[in-house]
Amino acid sequence: FQTTPAYGIWKAQRAVFGADYGMESVNYFAPKGEPVEEVPSFRRSNAHLPISEECKAVRTGVGVNEIHNFGKYLVEGAGSRDWLDYVMAGRIPKPGRVGLTPMLSPSGKLIGDFTVSCLDEDSFFLIASFSAQAYHMRWFVQHLPETGVNLRNVSTERVGFQIAGPDARKLLASAVMTDVSNTALPFLAVDQFDIGVCRAHIQRISYTGDLGYEIYVDQKDQVALYEALSQAGTEFQMKPFGMRAMMSLRLEKSFGAWMREYRPDYMPTEVGLERFVDYEKTTEFIGKTSVLRERETDPKRRLCTFLVDANDADVHGDEPIWLGDEVVGFATSGGFAHYVGESLALGFLPVSLIAEDREVEIEILGDRRKAVVKRKPLFDPQGIRMRT
């Protein structure tokens with residue numbers, strides 16, 4: 001397995017690790033007196049309460065989480081913007097801005113879900129699923145022009161942390177000792193800052209759906225970055241959180257995950273990503289003809305959020321969704337959303353059945369549990385926390 005320089009930091013804090021594409025990553029942190037391992041179970045495990053505390057720390061103060069388990073790519077050169085406009089379906093951001101864009105196959109199906117940061121006019125930083133990096137690199141290389149674009153996979157070279165929660169801006173301001181107000185560093189902005197002895201690039205975005213920042217440095221500076229954040233975070237009682245908490249927090253924002261809600265079987269309109277497709281882009285992009293054709297007809301199914309009347313087990317993924325005696329859809333992922341205190345699921349329903357509070361049943365471990373459709377995220381449905 002691969003590890004990052006921060007591995008020892010987390011191990012000293014009683015991290016329970018998992019793995020993603022061969023990379024050790026923190027699932028959650030075990031409280032003192034509890035075993036530093038999760039007892040396997042199809043039902044809620046001994047990790048349930050510690051994860052709840054981590055989610056609460058993020059939503060009420062500020063949490064820190066390592067962001068090494070994303071695929072990351074540097075795209076540089078005079079032809080970079082034109083090339084990205086071709087391989088990505090969305091709008092490519094201007095310098096100092098961050099954009100979200102799907103990457104499509106010629107048939108219009110999703111083959112990537114990317115964050116694209118424009119560091120300067122000819123330099124871009126791309127982020128996507130860590131487990132898809134080999135596939136994405138093959139796709140990139142197949143479509144690279146002969147000159148004008150330099151591409152490098154920096155997934156393990158550029159690492160760092162995200163800080164998220166209502167106190168995240170205060171912590172960041174203390175660490176960088178410069179203006180990071182909503183005016184100076186607005187939502188979806190990216191800039192360079194000095195943090196301690198580190199030169200970092202910081203982008204204002206967070207998969208938690210809260211006020212948050214992703215902070216990236218060279219691998220050799222990661223421990224120094226953590227020390228600077230930790231020192232600044234003492235005043236704000238910064239707490240670490242793992243990937244299980246991250247997944248819980250994203251559910252209550254109805255955010256999809258790669259290979260769950262977003263996968264090569266689905267078209268953008270089915271999963272709500274059509275808002276990130278630039279249909280009016282004058283340049284040709286891979287899959288454009290297919291998604292323009294798709295836009296002319298309504299999809300037969302769409303992704304929904306479900307509030308589940310679960311017992312001691314939550315939706316995991318691929319469970320059937322019942323309406324009466326008929327299976328009408330399936331869950332893509334789910335779990336317990338600790339801050340809102342509800343069991344949630346994401347999944348597909350036929351468009352004709354989608355309505356607020358539509359009652360269905362989702363089968364969990366052979367038990368059909370009542371579930372109702374929710375058209376808006378349960379946490380901060382207007383996205384105010386992220387944007388202000």
# chains A, B, ... in the order shown; residues from 1 in each chain; ligands from 1

$ closest_atom_pairs --of "segment 161-238 of chain A" --to "segment 87-93 of chain A" --cutoff "12 Å" --atoms "only C-alpha atoms" --output "JSON lines"
{"residue": "A:Leu188", "atom": "CA", "partner": "A:Pro93", "partner_atom": "CA", "distance": 9.7}
{"residue": "A:Ala189", "atom": "CA", "partner": "A:Pro93", "partner_atom": "CA", "distance": 9.9}
{"residue": "A:Val190", "atom": "CA", "partner": "A:Pro93", "partner_atom": "CA", "distance": 10.6}

$ closest_atom_pairs --of "segment 118-213 of chain A" --to "segment 236-252 of chain A" --cutoff "8 Å" --atoms "only C-alpha atoms" --output "Markdown table"
| residue | atom | partner | partner_atom | distance |
| --- | --- | --- | --- | --- |
| A:Asp167 | CA | A:Phe236 | CA | 7.0 |
| A:Leu171 | CA | A:Phe236 | CA | 6.9 |
| A:Tyr207 | CA | A:Arg250 | CA | 6.3 |
| A:Thr208 | CA | A:Arg250 | CA | 5.2 |
| A:Gly209 | CA | A:Arg250 | CA | 6.5 |

$ residues_around --residues "Trp139 of chain A" --least-positions-apart "4" --cutoff "12 Å" --atoms "only C-alpha atoms" --output "list in words"
Val87, Met88, Met103, Leu104, Ser105, Pro106, Ile111, Gly112, Ala132, Gln133, Ala134, Tyr135, His143, Leu144, Leu151 and Ile286 of chain A

$ write_last_selection --atoms "N, CA and C atoms" --output "tab-separated table (two decimals), in the first residue's frame"
chain	number	residue	atom	x	y	z
A	87	VAL	N	-11.75	17.92	-24.55
A	87	VAL	CA	-11.95	16.67	-23.81
A	87	VAL	C	-12.96	16.82	-22.68
A	88	MET	N	-13.27	18.04	-22.28
A	88	MET	CA	-14.24	18.28	-21.21
A	88	MET	C	-15.52	18.89	-21.78
A	103	MET	N	-16.58	14.73	-18.03
A	103	MET	CA	-15.85	14.27	-19.20
A	103	MET	C	-16.67	13.13	-19.79
A	104	LEU	N	-16.88	13.16	-21.10
A	104	LEU	CA	-17.82	12.24	-21.74
A	104	LEU	C	-17.15	11.36	-22.78
A	105	SER	N	-17.77	10.21	-23.01
A	105	SER	CA	-17.40	9.35	-24.14
A	105	SER	C	-18.10	9.88	-25.38
A	106	PRO	N	-17.75	9.39	-26.56
A	106	PRO	CA	-18.47	9.83	-27.77
A	106	PRO	C	-19.98	9.61	-27.70
A	111	ILE	N	-17.56	9.60	-18.28
A	111	ILE	CA	-16.33	8.85	-18.02
A	111	ILE	C	-15.43	9.60	-17.04
A	112	GLY	N	-15.92	10.72	-16.53
A	112	GLY	CA	-15.16	11.47	-15.54
A	112	GLY	C	-15.99	12.61	-14.99
A	132	ALA	N	-9.75	6.10	-10.62
A	132	ALA	CA	-9.91	6.14	-12.08
A	132	ALA	C	-8.70	6.73	-12.78
A	133	GLN	N	-7.60	6.98	-12.06
A	133	GLN	CA	-6.49	7.72	-12.66
A	133	GLN	C	-5.84	6.99	-13.83
A	134	ALA	N	-5.71	5.68	-13.76
A	134	ALA	CA	-5.09	4.95	-14.88
A	134	ALA	C	-5.96	5.06	-16.13
A	135	TYR	N	-7.26	4.91	-15.94
A	135	TYR	CA	-8.18	5.03	-17.07
A	135	TYR	C	-8.16	6.45	-17.63
A	143	HIS	N	-5.87	11.32	-26.59
A	143	HIS	CA	-6.42	12.50	-27.24
A	143	HIS	C	-5.50	13.72	-27.17
A	144	LEU	N	-4.27	13.52	-26.71
A	144	LEU	CA	-3.32	14.64	-26.65
A	144	LEU	C	-2.89	15.06	-28.05
A	151	LEU	N	1.21	17.18	-20.08
A	151	LEU	CA	0.31	16.54	-19.12
A	151	LEU	C	1.13	15.73	-18.14
A	286	ILE	N	-15.83	16.17	-27.11
A	286	ILE	CA	-16.16	14.75	-27.22
A	286	ILE	C	-17.52	14.50	-26.56

$ residues_around --residues "Thr3 of chain A" --least-positions-apart "5" --cutoff "10 Å" --atoms "only C-alpha atoms" --output "PyMOL selection string"
chain A and resi 8+19+22-25+68+156

$ write_last_selection --atoms "N, CA, C and O atoms" --output "PDB file, in the first residue's frame"
ATOM      1  N   GLY A   8       1.833   9.047   9.544  1.00  0.00           N
ATOM      2  CA  GLY A   8       2.213   8.964  10.954  1.00  0.00           C
ATOM      3  C   GLY A   8       1.410   9.914  11.832  1.00  0.00           C
ATOM      4  O   GLY A   8       1.121   9.604  13.000  1.00  0.00           O
ATOM      5  N   ALA A  19      -8.408   1.636   2.340  1.00  0.00           N
ATOM      6  CA  ALA A  19      -7.539   1.782   1.167  1.00  0.00           C
ATOM      7  C   ALA A  19      -8.371   2.133  -0.043  1.00  0.00           C
ATOM      8  O   ALA A  19      -9.510   1.672  -0.197  1.00  0.00           O
ATOM      9  N   GLY A  22      -5.014   1.291  -3.642  1.00  0.00           N
ATOM     10  CA  GLY A  22      -3.692   1.060  -3.087  1.00  0.00           C
ATOM     11  C   GLY A  22      -3.167   2.154  -2.178  1.00  0.00           C
ATOM     12  O   GLY A  22      -2.031   2.061  -1.697  1.00  0.00           O
ATOM     13  N   MET A  23      -3.974   3.194  -1.929  1.00  0.00           N
ATOM     14  CA  MET A  23      -3.545   4.297  -1.067  1.00  0.00           C
ATOM     15  C   MET A  23      -4.252   4.212   0.287  1.00  0.00           C
ATOM     16  O   MET A  23      -5.481   4.134   0.355  1.00  0.00           O
ATOM     17  N   GLU A  24      -3.456   4.193   1.365  1.00  0.00           N
ATOM     18  CA  GLU A  24      -4.025   4.214   2.710  1.00  0.00           C
ATOM     19  C   GLU A  24      -4.707   5.560   2.955  1.00  0.00           C
ATOM     20  O   GLU A  24      -4.129   6.620   2.697  1.00  0.00           O
ATOM     21  N   SER A  25      -5.936   5.509   3.433  1.00  0.00           N
ATOM     22  CA  SER A  25      -6.660   6.730   3.782  1.00  0.00           C
ATOM     23  C   SER A  25      -7.464   6.485   5.050  1.00  0.00           C
ATOM     24  O   SER A  25      -7.870   5.355   5.345  1.00  0.00           O
ATOM     25  N   HIS A  68      -5.530  13.409  -0.250  1.00  0.00           N
ATOM     26  CA  HIS A  68      -4.571  12.752  -1.126  1.00  0.00           C
ATOM     27  C   HIS A  68      -5.227  11.749  -2.059  1.00  0.00           C
ATOM     28  O   HIS A  68      -4.693  11.444  -3.118  1.00  0.00           O
ATOM     29  N   THR A 156       0.213  11.652  -6.468  1.00  0.00           N
ATOM     30  CA  THR A 156       0.931  11.448  -5.205  1.00  0.00           C
ATOM     31  C   THR A 156       2.003  12.509  -4.963  1.00  0.00           C
ATOM     32  O   THR A 156       2.616  12.517  -3.904  1.00  0.00           O
TER      33      THR A 156
END

$ atom_distance --atom1 "atom CA of Gly256 of chain A" --atom2 "atom CA of Glu342 of chain A"
17.4 Å

$ residues_around --residues "Tyr339 of chain A" --least-positions-apart "2" --cutoff "7 Å" --atoms "only C-alpha atoms" --output "VMD selection string"
chain A and resid 55 to 56 337 341

$ select_by_dssp --residues "segment 71-274 of chain A" --states "strand (DSSP E or B)" --output "VMD selection string"
chain A and resid 71 to 76 97 to 104 110 to 120 123 to 129 150 to 153 158 to 164 189 to 195 198 to 203 212 to 218 239 to 240 258 262

$ residues_around --residues "Glu294 of chain A" --least-positions-apart "6" --cutoff "9 Å" --atoms "only C-alpha atoms" --output "list in words"
Gly108, Met267 and Thr269 of chain A

$ write_last_selection --atoms "all heavy atoms" --output "JSON list (two decimals), in the first residue's frame"
[["chain", "number", "residue", "atom", "x", "y", "z"],
["A", 108, "GLY", "N", -21.76, 10.15, -25.17],
["A", 108, "GLY", "CA", -22.32, 11.08, -24.20],
["A", 108, "GLY", "C", -22.39, 10.55, -22.79],
["A", 108, "GLY", "O", -22.87, 11.25, -21.89],
["A", 267, "MET", "N", -26.05, 9.05, -18.45],
["A", 267, "MET", "CA", -25.95, 10.31, -19.17],
["A", 267, "MET", "C", -26.04, 11.47, -18.18],
["A", 267, "MET", "O", -26.59, 11.32, -17.08],
["A", 267, "MET", "CB", -27.08, 10.42, -20.20],
["A", 267, "MET", "CG", -27.07, 9.34, -21.28],
["A", 267, "MET", "SD", -25.72, 9.50, -22.47],
["A", 267, "MET", "CE", -26.34, 10.81, -23.52],
["A", 269, "THR", "N", -27.93, 14.15, -17.93],
["A", 269, "THR", "CA", -29.26, 14.57, -17.47],
["A", 269, "THR", "C", -29.86, 13.59, -16.47],
["A", 269, "THR", "O", -30.70, 13.98, -15.65],
["A", 269, "THR", "CB", -30.23, 14.73, -18.65],
["A", 269, "THR", "OG1", -30.26, 13.51, -19.40],
["A", 269, "THR", "CG2", -29.81, 15.88, -19.55]]

$ select_by_dssp --residues "segment 109-308 of chain A" --states "helix (DSSP H, G or I)" --output "VMD selection string"
chain A and resid 130 to 143 168 to 176 219 to 236 243 to 251 268 to 271 274 to 276 288 to 295

$ residues_around --residues "Asn311 of chain A" --least-positions-apart "3" --cutoff "10 Å" --atoms "only C-alpha atoms" --output "ChimeraX atom specification"
/A:43-44,308,314,343,364,367,369

$ write_last_selection --atoms "all heavy atoms" --output "PDB file, in the first residue's frame"
ATOM      1  N   ARG A  43     -24.610  -4.218   9.394  1.00  0.00           N
ATOM      2  CA  ARG A  43     -25.416  -3.223  10.092  1.00  0.00           C
ATOM      3  C   ARG A  43     -24.500  -2.124  10.625  1.00  0.00           C
ATOM      4  O   ARG A  43     -23.300  -2.116  10.348  1.00  0.00           O
ATOM      5  CB  ARG A  43     -26.219  -3.898  11.204  1.00  0.00           C
ATOM      6  CG  ARG A  43     -27.088  -5.035  10.665  1.00  0.00           C
ATOM      7  CD  ARG A  43     -27.963  -5.693  11.697  1.00  0.00           C
ATOM      8  NE  ARG A  43     -28.653  -6.846  11.098  1.00  0.00           N
ATOM      9  CZ  ARG A  43     -29.775  -6.756  10.385  1.00  0.00           C
ATOM     10  NH1 ARG A  43     -30.341  -5.568  10.196  1.00  0.00           N
ATOM     11  NH2 ARG A  43     -30.337  -7.836   9.873  1.00  0.00           N
ATOM     12  N   ARG A  44     -25.042  -1.159  11.339  1.00  0.00           N
ATOM     13  CA  ARG A  44     -24.210  -0.069  11.853  1.00  0.00           C
ATOM     14  C   ARG A  44     -23.164  -0.636  12.808  1.00  0.00           C
ATOM     15  O   ARG A  44     -23.496  -1.391  13.725  1.00  0.00           O
ATOM     16  CB  ARG A  44     -25.087   0.974  12.540  1.00  0.00           C
ATOM     17  CG  ARG A  44     -25.993   1.705  11.561  1.00  0.00           C
ATOM     18  CD  ARG A  44     -26.971   2.636  12.237  1.00  0.00           C
ATOM     19  NE  ARG A  44     -27.936   3.153  11.265  1.00  0.00           N
ATOM     20  CZ  ARG A  44     -29.084   3.722  11.569  1.00  0.00           C
ATOM     21  NH1 ARG A  44     -29.434   3.861  12.849  1.00  0.00           N
ATOM     22  NH2 ARG A  44     -29.900   4.162  10.622  1.00  0.00           N
ATOM     23  N   VAL A 308     -34.957   7.639   4.424  1.00  0.00           N
ATOM     24  CA  VAL A 308     -35.259   6.223   4.640  1.00  0.00           C
ATOM     25  C   VAL A 308     -35.601   5.955   6.100  1.00  0.00           C
ATOM     26  O   VAL A 308     -34.893   6.393   7.015  1.00  0.00           O
ATOM     27  CB  VAL A 308     -34.051   5.342   4.227  1.00  0.00           C
ATOM     28  CG1 VAL A 308     -34.409   3.863   4.333  1.00  0.00           C
ATOM     29  CG2 VAL A 308     -33.596   5.675   2.816  1.00  0.00           C
ATOM     30  N   ASP A 314     -28.287   0.703   7.039  1.00  0.00           N
ATOM     31  CA  ASP A 314     -28.571   1.747   6.062  1.00  0.00           C
ATOM     32  C   ASP A 314     -28.321   1.243   4.655  1.00  0.00           C
ATOM     33  O   ASP A 314     -27.677   0.211   4.445  1.00  0.00           O
ATOM     34  CB  ASP A 314     -27.688   2.973   6.342  1.00  0.00           C
ATOM     35  CG  ASP A 314     -27.877   3.516   7.744  1.00  0.00           C
ATOM     36  OD1 ASP A 314     -28.976   4.020   8.036  1.00  0.00           O
ATOM     37  OD2 ASP A 314     -26.925   3.405   8.556  1.00  0.00           O
ATOM     38  N   SER A 343     -31.328   8.637   8.016  1.00  0.00           N
ATOM     39  CA  SER A 343     -30.788   7.679   7.064  1.00  0.00           C
ATOM     40  C   SER A 343     -31.210   8.120   5.665  1.00  0.00           C
ATOM     41  O   SER A 343     -32.397   8.356   5.412  1.00  0.00           O
ATOM     42  CB  SER A 343     -31.312   6.272   7.354  1.00  0.00           C
ATOM     43  OG  SER A 343     -30.723   5.323   6.490  1.00  0.00           O
ATOM     44  N   ILE A 364     -33.562  -3.357   2.350  1.00  0.00           N
ATOM     45  CA  ILE A 364     -32.277  -3.367   3.049  1.00  0.00           C
ATOM     46  C   ILE A 364     -32.143  -4.691   3.787  1.00  0.00           C
ATOM     47  O   ILE A 364     -32.935  -4.989   4.690  1.00  0.00           O
ATOM     48  CB  ILE A 364     -32.157  -2.198   4.048  1.00  0.00           C
ATOM     49  CG1 ILE A 364     -32.396  -0.856   3.346  1.00  0.00           C
ATOM     50  CG2 ILE A 364     -30.798  -2.209   4.738  1.00  0.00           C
ATOM     51  CD1 ILE A 364     -32.439   0.329   4.295  1.00  0.00           C
ATOM     52  N   ASP A 367     -35.283  -6.599   4.132  1.00  0.00           N
ATOM     53  CA  ASP A 367     -36.381  -5.919   4.817  1.00  0.00           C
ATOM     54  C   ASP A 367     -36.768  -4.680   4.018  1.00  0.00           C
ATOM     55  O   ASP A 367     -35.943  -3.787   3.807  1.00  0.00           O
ATOM     56  CB  ASP A 367     -35.931  -5.537   6.229  1.00  0.00           C
ATOM     57  CG  ASP A 367     -37.055  -4.934   7.050  1.00  0.00           C
ATOM     58  OD1 ASP A 367     -38.227  -5.072   6.654  1.00  0.00           O
ATOM     59  OD2 ASP A 367     -36.746  -4.301   8.083  1.00  0.00           O
ATOM     60  N   ARG A 369     -38.033  -1.230   3.643  1.00  0.00           N
ATOM     61  CA  ARG A 369     -38.173  -0.085   4.534  1.00  0.00           C
ATOM     62  C   ARG A 369     -38.787   1.105   3.789  1.00  0.00           C
ATOM     63  O   ARG A 369     -38.423   1.396   2.642  1.00  0.00           O
ATOM     64  CB  ARG A 369     -36.813   0.333   5.098  1.00  0.00           C
ATOM     65  CG  ARG A 369     -36.012  -0.775   5.757  1.00  0.00           C
ATOM     66  CD  ARG A 369     -36.675  -1.334   6.977  1.00  0.00           C
ATOM     67  NE  ARG A 369     -36.910  -0.312   8.005  1.00  0.00           N
ATOM     68  CZ  ARG A 369     -37.459  -0.559   9.202  1.00  0.00           C
ATOM     69  NH1 ARG A 369     -37.851  -1.793   9.504  1.00  0.00           N
ATOM     70  NH2 ARG A 369     -37.619   0.420  10.066  1.00  0.00           N
TER      71      ARG A 369
END

$ closest_residue --among "A:Gly63, A:Pro102, A:Gly324, A:Pro377" --to "Tyr262 of chain A" --atoms "only C-alpha atoms"
A:Pro102

$ closest_residue --among "A:Asp380, A:Thr283, A:His338, A:Leu74" --to "Pro50 of chain A" --atoms "only C-alpha atoms"
A:His338

$ closest_residue --among "A:Val98, A:Met177, A:Val159, A:Ile127" --to "Arg204 of chain A" --atoms "only C-alpha atoms"
A:Val98
